[in-house]
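Shown below: input_1.pdb, with PDB, C-alpha atoms.
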```pdb
ATOM      1  CA  MET A  30      95.881 182.349 151.461
ATOM      2  CA  ARG A  31      95.503 182.354 155.248
ATOM      3  CA  ILE A  32      97.208 184.641 157.744
ATOM      4  CA  LEU A  33      97.779 183.128 161.202
ATOM      5  CA  CYS A  34      98.824 185.361 164.115
ATOM      6  CA  LYS A  35      99.474 185.185 167.843
ATOM      7  CA  GLY A  36     100.716 187.508 170.574
ATOM      8  CA  PHE A  37      99.884 191.131 171.441
ATOM      9  CA  ASN A  38      96.244 192.107 170.838
ATOM     10  CA  LEU A  39      95.482 195.054 173.118
ATOM     11  CA  TYR A  40      94.004 197.035 170.205
ATOM     12  CA  ASN A  41      92.181 193.996 168.738
ATOM     13  CA  GLN A  42      94.399 194.091 165.685
ATOM     14  CA  LEU A  43      94.097 190.274 165.551
ATOM     15  CA  HIS A  44      90.276 190.462 165.421
ATOM     16  CA  GLN A  45      89.828 188.224 168.453
ATOM     17  CA  GLY A  46      88.129 190.720 170.759
ATOM     18  CA  LYS A  47      89.804 192.732 173.478
ATOM     19  CA  ASN A  48      90.549 191.218 176.852
ATOM     20  CA  LEU A  49      92.280 192.439 179.989
ATOM     21  CA  GLN A  50      95.577 190.773 179.061
ATOM     22  CA  GLY A  51      95.531 191.844 175.400
ATOM     23  CA  ILE A  52      96.972 188.464 174.369
ATOM     24  CA  VAL A  53      96.126 185.817 171.766
ATOM     25  CA  GLU A  54      97.862 182.709 173.095
ATOM     26  CA  GLU A  55      97.617 180.391 170.081
ATOM     27  CA  PHE A  56      97.849 180.912 166.325
ATOM     28  CA  VAL A  57      94.457 181.986 164.924
ATOM     29  CA  THR A  58      93.348 182.811 161.387
ATOM     30  CA  ILE A  59      92.769 186.563 161.115
ATOM     31  CA  TYR A  60      92.439 186.839 157.315
ATOM     32  CA  GLU A  61      91.628 184.408 154.530
ATOM     33  CA  GLU A  62      91.755 185.771 150.992
ATOM     34  CA  PRO A  63      92.473 184.177 147.594
ATOM     35  CA  HIS A  64      95.444 186.481 147.168
ATOM     36  CA  ILE A  65      97.354 188.647 149.645
ATOM     37  CA  GLU A  66     100.084 190.849 148.223
ATOM     38  CA  HIS A  67     101.293 192.607 151.392
ATOM     39  CA  PHE A  68     100.560 192.206 155.099
ATOM     40  CA  LEU A  69     101.936 194.310 157.969
ATOM     41  CA  LEU A  70     101.180 194.195 161.685
ATOM     42  CA  GLY A  71     102.106 197.071 163.975
ATOM     43  CA  HIS A  72     101.606 197.858 167.649
ATOM     44  CA  THR A  73      98.076 199.131 167.062
ATOM     45  CA  MET A  74      96.960 198.188 163.560
ATOM     46  CA  THR A  75      96.992 195.805 160.608
ATOM     47  CA  VAL A  76      97.681 196.708 156.992
ATOM     48  CA  ILE A  77      96.651 194.402 154.155
ATOM     49  CA  VAL A  78      96.905 194.722 150.388
ATOM     50  CA  THR A  79      95.048 192.032 148.455
ATOM     51  CA  ASP A  80      96.216 193.236 145.044
ATOM     52  CA  ASN A  81      98.515 195.880 143.580
ATOM     53  CA  LYS A  82      95.775 198.143 142.232
ATOM     54  CA  GLY A  83      96.229 201.001 144.681
ATOM     55  CA  SER A  84      93.938 200.024 147.594
ATOM     56  CA  ILE A  85      95.327 199.627 151.129
ATOM     57  CA  ASN A  86      93.138 198.369 153.963
ATOM     58  CA  CYS A  87      94.199 199.724 157.378
ATOM     59  CA  GLU A  88      92.430 198.699 160.558
ATOM     60  CA  ASN A  89      92.515 198.835 164.356
ATOM     61  CA  CYS A  90      89.904 198.715 167.089
ATOM     62  CA  ASN A  91      88.912 202.354 166.609
ATOM     63  CA  ARG A  92      88.957 202.853 162.882
ATOM     64  CA  ARG A  93      88.983 201.181 159.486
ATOM     65  CA  GLU A  94      90.282 202.952 156.394
ATOM     66  CA  ASN A  95      90.629 202.055 152.731
ATOM     67  CA  LEU A  96      93.451 204.217 151.363
ATOM     68  CA  ILE A  97      93.575 204.770 147.609
ATOM     69  CA  LEU A  98      96.674 205.981 145.799
ATOM     70  CA  PRO A  99      96.031 208.930 143.450
ATOM     71  CA  ASN A 100      96.014 208.732 139.648
ATOM     72  CA  SER A 101      95.173 205.009 139.706
ATOM     73  CA  SER A 102      98.731 204.252 140.814
ATOM     74  CA  GLN A 103      99.621 200.669 141.586
ATOM     75  CA  ILE A 104     101.268 199.598 144.852
ATOM     76  CA  ALA A 105     104.844 198.328 144.682
ATOM     77  CA  LYS A 106     105.818 198.230 148.397
ATOM     78  CA  VAL A 107     104.409 199.096 151.816
ATOM     79  CA  THR A 108     106.243 199.381 155.131
ATOM     80  CA  LEU A 109     105.103 200.352 158.613
ATOM     81  CA  SER A 110     106.805 202.247 161.426
ATOM     82  CA  THR A 111     105.432 203.156 164.840
ATOM     83  CA  THR A 112     103.972 206.424 163.575
ATOM     84  CA  ASN A 113     103.675 206.179 159.787
ATOM     85  CA  LEU A 114     102.757 203.938 156.886
ATOM     86  CA  LEU A 115     104.997 204.365 153.830
ATOM     87  CA  THR A 116     103.692 203.306 150.434
ATOM     88  CA  LEU A 117     105.722 203.094 147.233
ATOM     89  CA  SER A 118     103.846 203.284 143.944
ATOM     90  CA  SER A 119     104.884 201.426 140.800
ATOM     91  CA  THR A 120     105.965 204.769 139.299
ATOM     92  CA  GLY A 121     108.406 205.415 142.168
ATOM     93  CA  ASP A 122     106.300 207.938 144.075
ATOM     94  CA  LEU A 123     106.434 207.681 147.857
ATOM     95  CA  PHE A 124     103.435 208.385 150.108
ATOM     96  CA  LYS A 125     103.310 208.769 153.890
ATOM     97  CA  THR A 126     100.237 208.150 156.027
ATOM     98  CA  SER A 127     100.300 209.340 159.628
ATOM     99  CA  LEU A 128      98.676 206.864 161.990
ATOM    100  CA  ASN A 129      97.231 209.832 163.874
ATOM    101  CA  ASP A 130      95.139 211.370 161.088
ATOM    102  CA  TRP A 131      95.296 208.649 158.382
ATOM    103  CA  GLN A 132      95.939 211.241 155.669
ATOM    104  CA  LEU A 133      97.753 210.016 152.552
ATOM    105  CA  VAL A 134     100.460 212.599 151.686
ATOM    106  CA  LYS A 135     102.996 212.457 148.872
ATOM    107  CA  VAL A 136     106.581 212.701 150.126
ATOM    108  CA  PRO A 137     108.529 215.465 148.333
ATOM    109  CA  ASN A 138     110.969 214.037 145.822
ATOM    110  CA  PHE A 139     114.468 213.714 147.321
ATOM    111  CA  ILE A 140     116.138 212.021 144.332
ATOM    112  CA  VAL A 141     117.852 214.656 142.208
ATOM    113  CA  ASP A 142     118.492 212.411 139.200
ATOM    114  CA  THR A 143     115.312 212.501 137.093
ATOM    115  CA  ASN A 144     116.297 209.190 135.505
ATOM    116  CA  ASP A 145     116.373 207.425 138.870
ATOM    117  CA  GLN A 146     113.508 206.313 141.116
ATOM    118  CA  ILE A 147     112.838 204.480 144.375
ATOM    119  CA  LYS A 148     112.819 200.704 144.098
ATOM    120  CA  ILE A 149     112.707 199.343 147.704
ATOM    121  CA  ILE A 150     111.640 200.908 151.026
ATOM    122  CA  THR A 151     111.809 199.898 154.675
ATOM    123  CA  ALA A 152     110.998 201.675 157.939
ATOM    124  CA  ARG A 153     110.992 201.262 161.706
ATOM    125  CA  ASP A 154     110.795 203.700 164.603
ATOM    126  CA  LYS A 155     113.650 206.074 163.765
ATOM    127  CA  LEU A 156     114.582 205.067 160.221
ATOM    128  CA  ASN A 157     112.948 205.505 156.835
ATOM    129  CA  VAL A 158     115.182 204.002 154.163
ATOM    130  CA  ALA A 159     114.902 203.906 150.376
ATOM    131  CA  TYR A 160     116.936 202.177 147.687
ATOM    132  CA  SER A 161     116.966 203.522 144.149
ATOM    133  CA  ALA A 162     117.115 201.798 140.782
ATOM    134  CA  LYS A 163     120.620 203.189 140.229
ATOM    135  CA  GLY A 164     121.874 201.591 143.443
ATOM    136  CA  TYR A 165     121.823 204.449 145.936
ATOM    137  CA  ILE A 166     120.678 204.289 149.565
ATOM    138  CA  TYR A 167     118.758 207.145 151.196
ATOM    139  CA  SER A 168     118.127 207.579 154.886
ATOM    140  CA  ILE A 169     115.192 209.681 153.790
ATOM    141  CA  PRO A 170     115.837 212.307 152.570
ATOM    142  CA  GLU A 171     119.648 212.118 152.952
ATOM    143  CA  LYS A 172     121.649 210.302 150.269
ATOM    144  CA  LEU A 173     124.296 208.034 151.811
ATOM    145  CA  ASN A 174     127.804 207.331 150.562
ATOM    146  CA  PHE A 175     127.035 203.951 149.028
ATOM    147  CA  CYS A 176     126.215 202.508 145.617
ATOM    148  CA  ASN A 177     125.390 198.915 144.748
ATOM    149  CA  LYS A 178     123.053 198.064 141.864
ATOM    150  CA  ASN A 179     122.508 194.516 143.115
ATOM    151  CA  ILE A 180     120.622 195.117 146.400
ATOM    152  CA  VAL A 181     117.582 192.829 146.691
ATOM    153  CA  ASP A 182     116.377 193.444 150.263
ATOM    154  CA  LEU A 183     116.453 196.047 153.031
ATOM    155  CA  GLN A 184     115.424 195.415 156.655
ATOM    156  CA  ALA A 185     115.216 198.213 159.220
ATOM    157  CA  GLY A 186     115.595 197.915 162.974
ATOM    158  CA  ARG A 187     114.797 200.690 165.416
ATOM    159  CA  GLU A 188     118.038 202.567 164.666
ATOM    160  CA  HIS A 189     119.874 200.394 162.138
ATOM    161  CA  CYS A 190     119.390 198.872 158.722
ATOM    162  CA  ILE A 191     120.800 195.799 156.997
ATOM    163  CA  LEU A 192     121.037 195.237 153.238
ATOM    164  CA  LEU A 193     121.343 192.077 151.138
ATOM    165  CA  ASP A 194     122.711 191.978 147.616
ATOM    166  CA  ARG A 195     122.248 189.434 144.833
ATOM    167  CA  GLN A 196     125.652 187.868 145.498
ATOM    168  CA  GLY A 197     124.720 187.119 149.124
ATOM    169  CA  ASN A 198     126.711 189.920 150.751
ATOM    170  CA  VAL A 199     125.250 191.734 153.771
ATOM    171  CA  TYR A 200     125.808 195.391 154.631
ATOM    172  CA  SER A 201     124.713 197.465 157.629
ATOM    173  CA  PHE A 202     124.519 201.068 158.802
ATOM    174  CA  GLY A 203     123.046 203.161 161.603
ATOM    175  CA  ALA A 204     123.410 202.805 165.360
ATOM    176  CA  GLY A 205     125.752 200.080 166.554
ATOM    177  CA  THR A 206     125.731 200.468 170.335
ATOM    178  CA  LYS A 207     124.135 197.058 170.873
ATOM    179  CA  GLY A 208     126.183 195.192 168.272
ATOM    180  CA  GLN A 209     123.327 195.164 165.777
ATOM    181  CA  LEU A 210     125.569 196.140 162.836
ATOM    182  CA  GLY A 211     127.632 192.944 163.089
ATOM    183  CA  THR A 212     130.941 194.736 162.538
ATOM    184  CA  GLY A 213     132.566 193.437 165.719
ATOM    185  CA  GLN A 214     132.451 196.963 167.154
ATOM    186  CA  LEU A 215     129.824 199.000 168.999
ATOM    187  CA  ASP A 216     130.380 202.100 166.881
ATOM    188  CA  ASP A 217     127.750 203.756 164.700
ATOM    189  CA  GLU A 218     128.162 203.610 160.919
ATOM    190  CA  PRO A 219     126.721 206.562 158.971
ATOM    191  CA  ASN A 220     127.025 204.707 155.649
ATOM    192  CA  PRO A 221     126.545 201.024 154.727
ATOM    193  CA  VAL A 222     129.569 198.810 155.345
ATOM    194  CA  LEU A 223     130.151 195.178 154.466
ATOM    195  CA  ILE A 224     129.715 192.752 157.370
ATOM    196  CA  GLU A 225     133.113 191.101 157.085
ATOM    197  CA  ALA A 226     132.219 188.146 159.325
ATOM    198  CA  LEU A 227     129.703 186.985 156.693
ATOM    199  CA  ALA A 228     131.970 187.596 153.695
ATOM    200  CA  GLY A 229     132.331 184.396 151.681
ATOM    201  CA  ILE A 230     129.051 183.012 153.047
ATOM    202  CA  ARG A 231     126.206 183.338 150.555
ATOM    203  CA  ILE A 232     123.287 184.802 152.517
ATOM    204  CA  VAL A 233     119.774 184.378 151.077
ATOM    205  CA  ALA A 234     117.534 185.989 153.735
ATOM    206  CA  ILE A 235     117.896 188.763 156.329
ATOM    207  CA  ALA A 236     115.779 190.165 159.164
ATOM    208  CA  ALA A 237     116.083 192.948 161.731
ATOM    209  CA  GLY A 238     114.572 193.406 165.174
ATOM    210  CA  ASP A 239     114.738 196.535 167.286
ATOM    211  CA  TRP A 240     118.399 196.028 168.195
ATOM    212  CA  HIS A 241     119.287 192.635 166.738
ATOM    213  CA  SER A 242     119.756 191.121 163.286
ATOM    214  CA  ALA A 243     119.589 187.697 161.658
ATOM    215  CA  ALA A 244     120.593 186.064 158.386
ATOM    216  CA  VAL A 245     120.108 182.674 156.710
ATOM    217  CA  SER A 246     122.794 181.199 154.468
ATOM    218  CA  GLU A 247     122.324 179.231 151.265
ATOM    219  CA  GLN A 248     123.385 176.142 153.242
ATOM    220  CA  GLY A 249     120.549 176.654 155.738
ATOM    221  CA  ASP A 250     122.591 178.028 158.636
ATOM    222  CA  LEU A 251     121.183 180.765 160.867
ATOM    223  CA  TYR A 252     123.385 183.666 161.984
ATOM    224  CA  THR A 253     122.331 186.169 164.657
ATOM    225  CA  TRP A 254     123.940 189.214 166.257
ATOM    226  CA  GLY A 255     123.159 192.308 168.304
ATOM    227  CA  GLN A 256     121.274 192.658 171.580
ATOM    228  CA  ASN A 257     120.577 189.405 173.398
ATOM    229  CA  SER A 258     119.199 190.558 176.745
ATOM    230  CA  ASN A 259     115.905 188.738 176.087
ATOM    231  CA  GLY A 260     117.403 185.692 174.380
ATOM    232  CA  GLN A 261     116.461 186.867 170.883
ATOM    233  CA  LEU A 262     119.731 185.583 169.408
ATOM    234  CA  GLY A 263     119.058 182.023 170.597
ATOM    235  CA  LEU A 264     122.719 181.367 171.403
ATOM    236  CA  ALA A 265     122.364 179.819 174.877
ATOM    237  CA  ALA A 266     122.980 176.170 175.693
ATOM    238  CA  SER A 267     119.542 175.944 177.348
ATOM    239  CA  SER A 268     116.223 177.802 177.119
ATOM    240  CA  THR A 269     116.455 179.222 180.639
ATOM    241  CA  TYR A 270     118.525 182.194 181.743
ATOM    242  CA  ASN A 271     121.933 181.858 183.341
ATOM    243  CA  GLU A 272     124.615 184.415 184.108
ATOM    244  CA  SER A 273     126.918 183.200 181.333
ATOM    245  CA  ILE A 274     124.562 184.409 178.586
ATOM    246  CA  VAL A 275     126.012 187.371 176.708
ATOM    247  CA  SER A 276     123.788 190.448 176.515
ATOM    248  CA  VAL A 277     125.446 191.820 173.351
ATOM    249  CA  MET A 278     126.989 189.925 170.434
ATOM    250  CA  ALA A 279     128.702 192.319 168.004
ATOM    251  CA  THR A 280     129.711 189.665 165.456
ATOM    252  CA  PRO A 281     127.401 187.226 163.599
ATOM    253  CA  HIS A 282     127.380 183.798 165.213
ATOM    254  CA  VAL A 283     125.966 180.602 163.772
ATOM    255  CA  VAL A 284     123.109 179.241 165.876
ATOM    256  CA  ASP A 285     122.772 175.603 166.878
ATOM    257  CA  ILE A 286     119.156 174.578 166.236
ATOM    258  CA  SER A 287     118.158 171.486 168.201
ATOM    259  CA  ASP A 288     115.712 169.152 166.486
ATOM    260  CA  ASN A 289     114.975 165.432 166.734
ATOM    261  CA  SER A 290     115.378 164.988 162.974
ATOM    262  CA  SER A 291     118.460 165.509 160.841
ATOM    263  CA  ASP A 292     116.616 167.999 158.623
ATOM    264  CA  VAL A 293     117.377 171.221 160.471
ATOM    265  CA  ASN A 294     118.185 173.582 157.620
ATOM    266  CA  VAL A 295     116.692 177.033 158.198
ATOM    267  CA  VAL A 296     114.754 178.421 155.222
ATOM    268  CA  LYS A 297     113.007 181.537 156.599
ATOM    269  CA  VAL A 298     113.618 184.040 159.406
ATOM    270  CA  ALA A 299     111.727 186.999 160.900
ATOM    271  CA  CYS A 300     112.417 189.315 163.833
ATOM    272  CA  GLY A 301     110.074 191.120 166.204
ATOM    273  CA  SER A 302     111.171 193.790 168.636
ATOM    274  CA  LYS A 303     112.837 191.309 170.979
ATOM    275  CA  HIS A 304     112.120 187.861 169.530
ATOM    276  CA  THR A 305     113.100 185.826 166.477
ATOM    277  CA  ILE A 306     111.241 183.067 164.628
ATOM    278  CA  ILE A 307     112.554 180.665 162.004
ATOM    279  CA  LEU A 308     111.066 178.035 159.718
ATOM    280  CA  LEU A 309     113.008 174.836 159.138
ATOM    281  CA  GLU A 310     113.066 172.905 155.877
ATOM    282  CA  ASN A 311     110.944 170.215 157.522
ATOM    283  CA  GLY A 312     108.143 172.702 158.202
ATOM    284  CA  TYR A 313     108.796 173.167 161.926
ATOM    285  CA  LEU A 314     108.504 176.677 163.343
ATOM    286  CA  TYR A 315     110.957 177.624 166.096
ATOM    287  CA  GLY A 316     111.434 180.775 168.139
ATOM    288  CA  SER A 317     113.644 182.433 170.735
ATOM    289  CA  GLY A 318     113.457 185.600 172.826
ATOM    290  CA  TRP A 319     110.782 187.607 174.601
ATOM    291  CA  ASN A 320     107.499 185.794 175.278
ATOM    292  CA  LYS A 321     105.549 188.216 177.491
ATOM    293  CA  TYR A 322     102.566 188.251 175.098
ATOM    294  CA  LYS A 323     102.819 184.539 174.190
ATOM    295  CA  GLN A 324     104.220 185.516 170.811
ATOM    296  CA  LEU A 325     106.326 182.359 170.893
ATOM    297  CA  LYS A 326     104.606 179.757 173.073
ATOM    298  CA  ASN A 327     101.563 179.561 175.318
ATOM    299  CA  GLU A 328     103.653 178.947 178.389
ATOM    300  CA  ASN A 329     104.348 181.033 181.479
ATOM    301  CA  VAL A 330     107.909 181.636 180.394
ATOM    302  CA  LYS A 331     108.862 185.278 179.898
ATOM    303  CA  GLU A 332     111.932 184.611 177.741
ATOM    304  CA  TYR A 333     113.481 181.738 175.801
ATOM    305  CA  TYR A 334     117.263 181.901 175.417
ATOM    306  CA  ARG A 335     117.519 179.059 172.913
ATOM    307  CA  PHE A 336     115.360 178.297 169.884
ATOM    308  CA  THR A 337     112.406 176.219 170.986
ATOM    309  CA  PHE A 338     109.783 174.360 168.947
ATOM    310  CA  ILE A 339     106.555 176.310 168.388
ATOM    311  CA  GLN A 340     104.433 174.617 165.720
ATOM    312  CA  ASP A 341     104.479 171.873 163.082
ATOM    313  CA  TYR A 342     103.592 173.182 159.617
ATOM    314  CA  SER A 343     104.993 170.204 157.711
ATOM    315  CA  LYS A 344     101.565 169.444 156.210
ATOM    316  CA  GLU A 345     100.998 173.061 155.158
ATOM    317  CA  LYS A 346     102.566 175.217 152.463
ATOM    318  CA  VAL A 347     104.146 178.170 154.258
ATOM    319  CA  ASP A 348     104.544 181.198 152.013
ATOM    320  CA  LYS A 349     106.115 183.580 154.563
ATOM    321  CA  ILE A 350     106.799 184.060 158.233
ATOM    322  CA  LEU A 351     106.635 187.583 159.653
ATOM    323  CA  CYS A 352     106.724 189.367 162.982
ATOM    324  CA  GLY A 353     104.939 192.334 164.402
ATOM    325  CA  PRO A 354     106.766 194.065 167.243
ATOM    326  CA  TRP A 355     105.245 191.623 169.767
ATOM    327  CA  ASN A 356     103.591 189.124 167.426
ATOM    328  CA  SER A 357     104.434 186.110 165.296
ATOM    329  CA  ILE A 358     102.773 185.596 161.896
ATOM    330  CA  VAL A 359     102.571 182.705 159.435
ATOM    331  CA  LEU A 360     101.182 183.067 155.895
ATOM    332  CA  LEU A 361      99.876 179.820 154.430
ATOM    333  CA  LYS A 362      99.097 179.229 150.770
TER     334      LYS A 362
END
```
What does the file become when written as C-alpha cells?
Amino acid sequence: MRILCKGFNLYNQLHQGKNLQGIVEEFVTIYEEPHIEHFLLGHTMTVIVTDNKGSINCENCNRRENLILPNSSQIAKVTLSTTNLLTLSSTGDLFKTSLNDWQLVKVPNFIVDTNDQIKIITARDKLNVAYSAKGYIYSIPEKLNFCNKNIVDLQAGREHCILLDRQGNVYSFGAGTKGQLGTGQLDDEPNPVLIEALAGIRIVAIAAGDWHSAAVSEQGDLYTWGQNSNGQLGLAASSTYNESIVSVMATPHVVDISDNSSDVNVVKVACGSKHTIILLENGYLYGSGWNKYKQLKNENVKEYYRFTFIQDYSKEKVDKILCGPWNSIVLLK
C-alpha cells in the first residue's frame, strides 16, 4: 500500500525536507508498506499503524517515537487532535498521548456499566467523542442523552460531531453557529439530533471539517453544509469568488459536480480544516476550498469555490482518501 500526500509540510511531516514555504505542491509517496492499518496526519506529525499488534509509529521533524500499548494489547482505533493522540485497544481501554511529552497514559474509565465498552472514537481540537457497544455517545467523559446500537461511524469537527448509523441516518451535536450541524438553525445541540434534511436519503459516508460537514448518499450524490467562507462546500456556479456566494449553509445541499463524462457518482469524501476532497466512481479526484498550501492544486489560487479536478486515479486502486488539516491524502492498494 502507498500513501500519497500533498500540502502543508512546515514540520517535514511529509518527509520531503523543510523549505521556506513549508509546502509540497504535488502528490508524493511518503510511505510504502505491504499493509497499513491506520494513518493520521496532523499539523505537526504523522501517525502510522502497520498492524494491530499494539505498535504506533509517531513522527515529526524533531522526534520519532514507537508507542507500545501495555499488556500486549491490540489496537482497534486511533484518532488525532491538535494536542493529543487517542488510542483504543481491542479490549476497550482508551489511552491518551500528549504531543508535548509523548507519554502514553490510560484514560480513567468513564463508562459505569461494566458490561459495556468503547467501540468507536473520534477527536478534533475541542472534542473527544466515544461510542459504546451498547449504543451510547460520550463527549468524554460526559454521557450524552442518546442511544442507538446501529452507529457505524463518527466524525469530529473542531466543535461538532456527526454520526452515521447502519440505516443511513445522520445525526449531529455540538456547536452550530456556522451551520455545521445541518439542522437548518445556528443553535448548538448538546445531544445528537437527526438531520431531518437527509431523512429518507440513505447516506453511506460522512466527513467533518473544522466548521463544515459532508455526506455521500447510496446513489452517489454529495451533500455539504456548514461554513463556506473558503469555498469548502463547493456550491458556487464557478471556481472563483463572487459576492453571491453564501458564507454559511445551515441545511445540507446536494452539490453539482462538473465532469466531462457521465460517470460522476461520488464514492468517497474527506474534509480538512477548510477544504473538501472527493473521489468519483471513475477514479477522478476533485476538491474545493482553501488552497493556501497547495493542498488541492499546484496553482496560485488561494480558494476554489466549486469542485475542481485534481488528479486521475482511474488506473489505480484507491483504498481511502483522507485529509490532514491542510493536506490531502490518497491511499493506494
| task | Please write the residues picked by the PyMOL selection byres ((chain A and resi 70) around 12) on this file as a PyMOL selection string. | result | chain A and resi 32-38+40-43+59+67-69+71-77+86-89+107-111+114+301+351-359
| task | Could you please give me, as an MDAnalysis selection string, the residues of protein, DNA or RNA lying at most 10 Å from (104.6, 167.9, 155.0) in the coordinate frame of the file, considering all atoms listed in the file? | result | chainID A and resid 310:313 341:346
| said: Between atom CA of Trp319 of chain A and atom CA of Asn257 of chain A, what distance in Å does the model show, to one decimal? | reply: 10.0 Å
| So which residues are close to (129.4, 195.1, 157.4), meaning at most 12 Å away in the file's coordinates with all atoms listed in the file counted, and can you show them as number ranges by chain? | A: 189-193, 198-203, 205, 208-214, 216-228, 242, 254, 279-281
I'd like the box whose edges run along x, y and z of the file and which contains every listed atom of segment 78-85 of chain A, padded by 4 Å per side; could you state its centre and edge lengths in Å, one decimal, as AutoDock Vina command-line options?
```
--center_x 96.2 --center_y 196.5 --center_z 146.7 --size_x 12.6 --size_y 17.0 --size_z 16.9
```
Which residues, named as in the file, does the PyMOL selection byres ((chain A and resi 184) around 8) pick out? Answer as a JSON list (two decimals) with C-alpha atoms, in the frame of the given file.
```
[["chain", "number", "residue", "atom", "x", "y", "z"],
["A", 151, "THR", "CA", 111.81, 199.90, 154.68],
["A", 152, "ALA", "CA", 111.00, 201.68, 157.94],
["A", 182, "ASP", "CA", 116.38, 193.44, 150.26],
["A", 183, "LEU", "CA", 116.45, 196.05, 153.03],
["A", 185, "ALA", "CA", 115.22, 198.21, 159.22],
["A", 186, "GLY", "CA", 115.60, 197.92, 162.97],
["A", 190, "CYS", "CA", 119.39, 198.87, 158.72],
["A", 191, "ILE", "CA", 120.80, 195.80, 157.00],
["A", 192, "LEU", "CA", 121.04, 195.24, 153.24],
["A", 235, "ILE", "CA", 117.90, 188.76, 156.33],
["A", 236, "ALA", "CA", 115.78, 190.16, 159.16],
["A", 237, "ALA", "CA", 116.08, 192.95, 161.73]]
```
| task | Would you translate the PyMOL selection byres ((chain A and resi 276) around 7) into the concrete set of residues it matches in this file, as a PyMOL selection string? | result | chain A and resi 256-258+274-275+277-278
| request: Mind checking which residues fall within 7 Å of Gly83 of chain A, counting only C-alpha atoms, ignoring those fewer than 5 positions away in the same chain, and posting them as an MDAnalysis selection string? | output: chainID A and resid 97:98 101:104
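Distances here use all atoms listed in the file; by that measure, the residue among A:Tyr322, A:Ile230, A:Val298, A:Asn329 closest to Lys349 of chain A is A:Val298.
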| What gap, in Å, lies between atom CA of Phe139 of chain A and atom CA of Pro170 of chain A? | 5.6 Å
| message | Would you compute the distance between atom CA of Asn179 of chain A and atom CA of His304 of chain A? Give it in Å to one decimal. | response | 29.2 Å
| query | Between A:Ile306, A:Cys176, A:Arg231, A:Leu39, which has the minimum distance to Ile339 of chain A (counting all atoms listed in the file)? | reply | A:Ile306
Output segment 182-187 of chain A with all heavy atoms present, as a PDB file, in the coordinates of the input.
```pdb
ATOM      1  N   ASP A 182     117.226 193.328 149.078  1.00  0.00           N
ATOM      2  CA  ASP A 182     116.377 193.444 150.263  1.00  0.00           C
ATOM      3  C   ASP A 182     116.979 194.438 151.240  1.00  0.00           C
ATOM      4  O   ASP A 182     118.208 194.551 151.365  1.00  0.00           O
ATOM      5  CB  ASP A 182     116.224 192.080 150.947  1.00  0.00           C
ATOM      6  CG  ASP A 182     115.096 192.054 151.984  1.00  0.00           C
ATOM      7  OD1 ASP A 182     114.261 192.981 151.985  1.00  0.00           O
ATOM      8  OD2 ASP A 182     115.059 191.104 152.800  1.00  0.00           O
ATOM      9  N   LEU A 183     116.087 195.153 151.934  1.00  0.00           N
ATOM     10  CA  LEU A 183     116.453 196.047 153.031  1.00  0.00           C
ATOM     11  C   LEU A 183     115.599 195.672 154.232  1.00  0.00           C
ATOM     12  O   LEU A 183     114.403 195.410 154.090  1.00  0.00           O
ATOM     13  CB  LEU A 183     116.154 197.512 152.695  1.00  0.00           C
ATOM     14  CG  LEU A 183     116.620 198.131 151.390  1.00  0.00           C
ATOM     15  CD1 LEU A 183     116.059 199.543 151.281  1.00  0.00           C
ATOM     16  CD2 LEU A 183     118.130 198.145 151.320  1.00  0.00           C
ATOM     17  N   GLN A 184     116.180 195.677 155.431  1.00  0.00           N
ATOM     18  CA  GLN A 184     115.424 195.415 156.655  1.00  0.00           C
ATOM     19  C   GLN A 184     115.860 196.420 157.710  1.00  0.00           C
ATOM     20  O   GLN A 184     117.048 196.507 158.038  1.00  0.00           O
ATOM     21  CB  GLN A 184     115.654 193.989 157.163  1.00  0.00           C
ATOM     22  CG  GLN A 184     115.121 192.905 156.235  1.00  0.00           C
ATOM     23  CD  GLN A 184     113.613 192.861 156.200  1.00  0.00           C
ATOM     24  OE1 GLN A 184     112.941 193.089 157.204  1.00  0.00           O
ATOM     25  NE2 GLN A 184     113.068 192.568 155.028  1.00  0.00           N
ATOM     26  N   ALA A 185     114.903 197.181 158.233  1.00  0.00           N
ATOM     27  CA  ALA A 185     115.216 198.213 159.220  1.00  0.00           C
ATOM     28  C   ALA A 185     114.914 197.746 160.630  1.00  0.00           C
ATOM     29  O   ALA A 185     113.870 197.141 160.892  1.00  0.00           O
ATOM     30  CB  ALA A 185     114.418 199.483 158.926  1.00  0.00           C
ATOM     31  N   GLY A 186     115.846 198.036 161.553  1.00  0.00           N
ATOM     32  CA  GLY A 186     115.595 197.915 162.974  1.00  0.00           C
ATOM     33  C   GLY A 186     115.195 199.275 163.516  1.00  0.00           C
ATOM     34  O   GLY A 186     114.917 200.207 162.758  1.00  0.00           O
ATOM     35  N   ARG A 187     115.200 199.412 164.829  1.00  0.00           N
ATOM     36  CA  ARG A 187     114.797 200.690 165.416  1.00  0.00           C
ATOM     37  C   ARG A 187     115.740 201.823 165.010  1.00  0.00           C
ATOM     38  O   ARG A 187     115.306 202.938 164.727  1.00  0.00           O
ATOM     39  CB  ARG A 187     114.761 200.571 166.940  1.00  0.00           C
ATOM     40  CG  ARG A 187     114.275 201.833 167.646  1.00  0.00           C
ATOM     41  CD  ARG A 187     114.284 201.648 169.135  1.00  0.00           C
ATOM     42  NE  ARG A 187     113.249 200.738 169.578  1.00  0.00           N
ATOM     43  CZ  ARG A 187     112.043 201.115 170.023  1.00  0.00           C
ATOM     44  NH1 ARG A 187     111.733 202.386 170.072  1.00  0.00           N
ATOM     45  NH2 ARG A 187     111.155 200.218 170.406  1.00  0.00           N
TER      46      ARG A 187
END
```
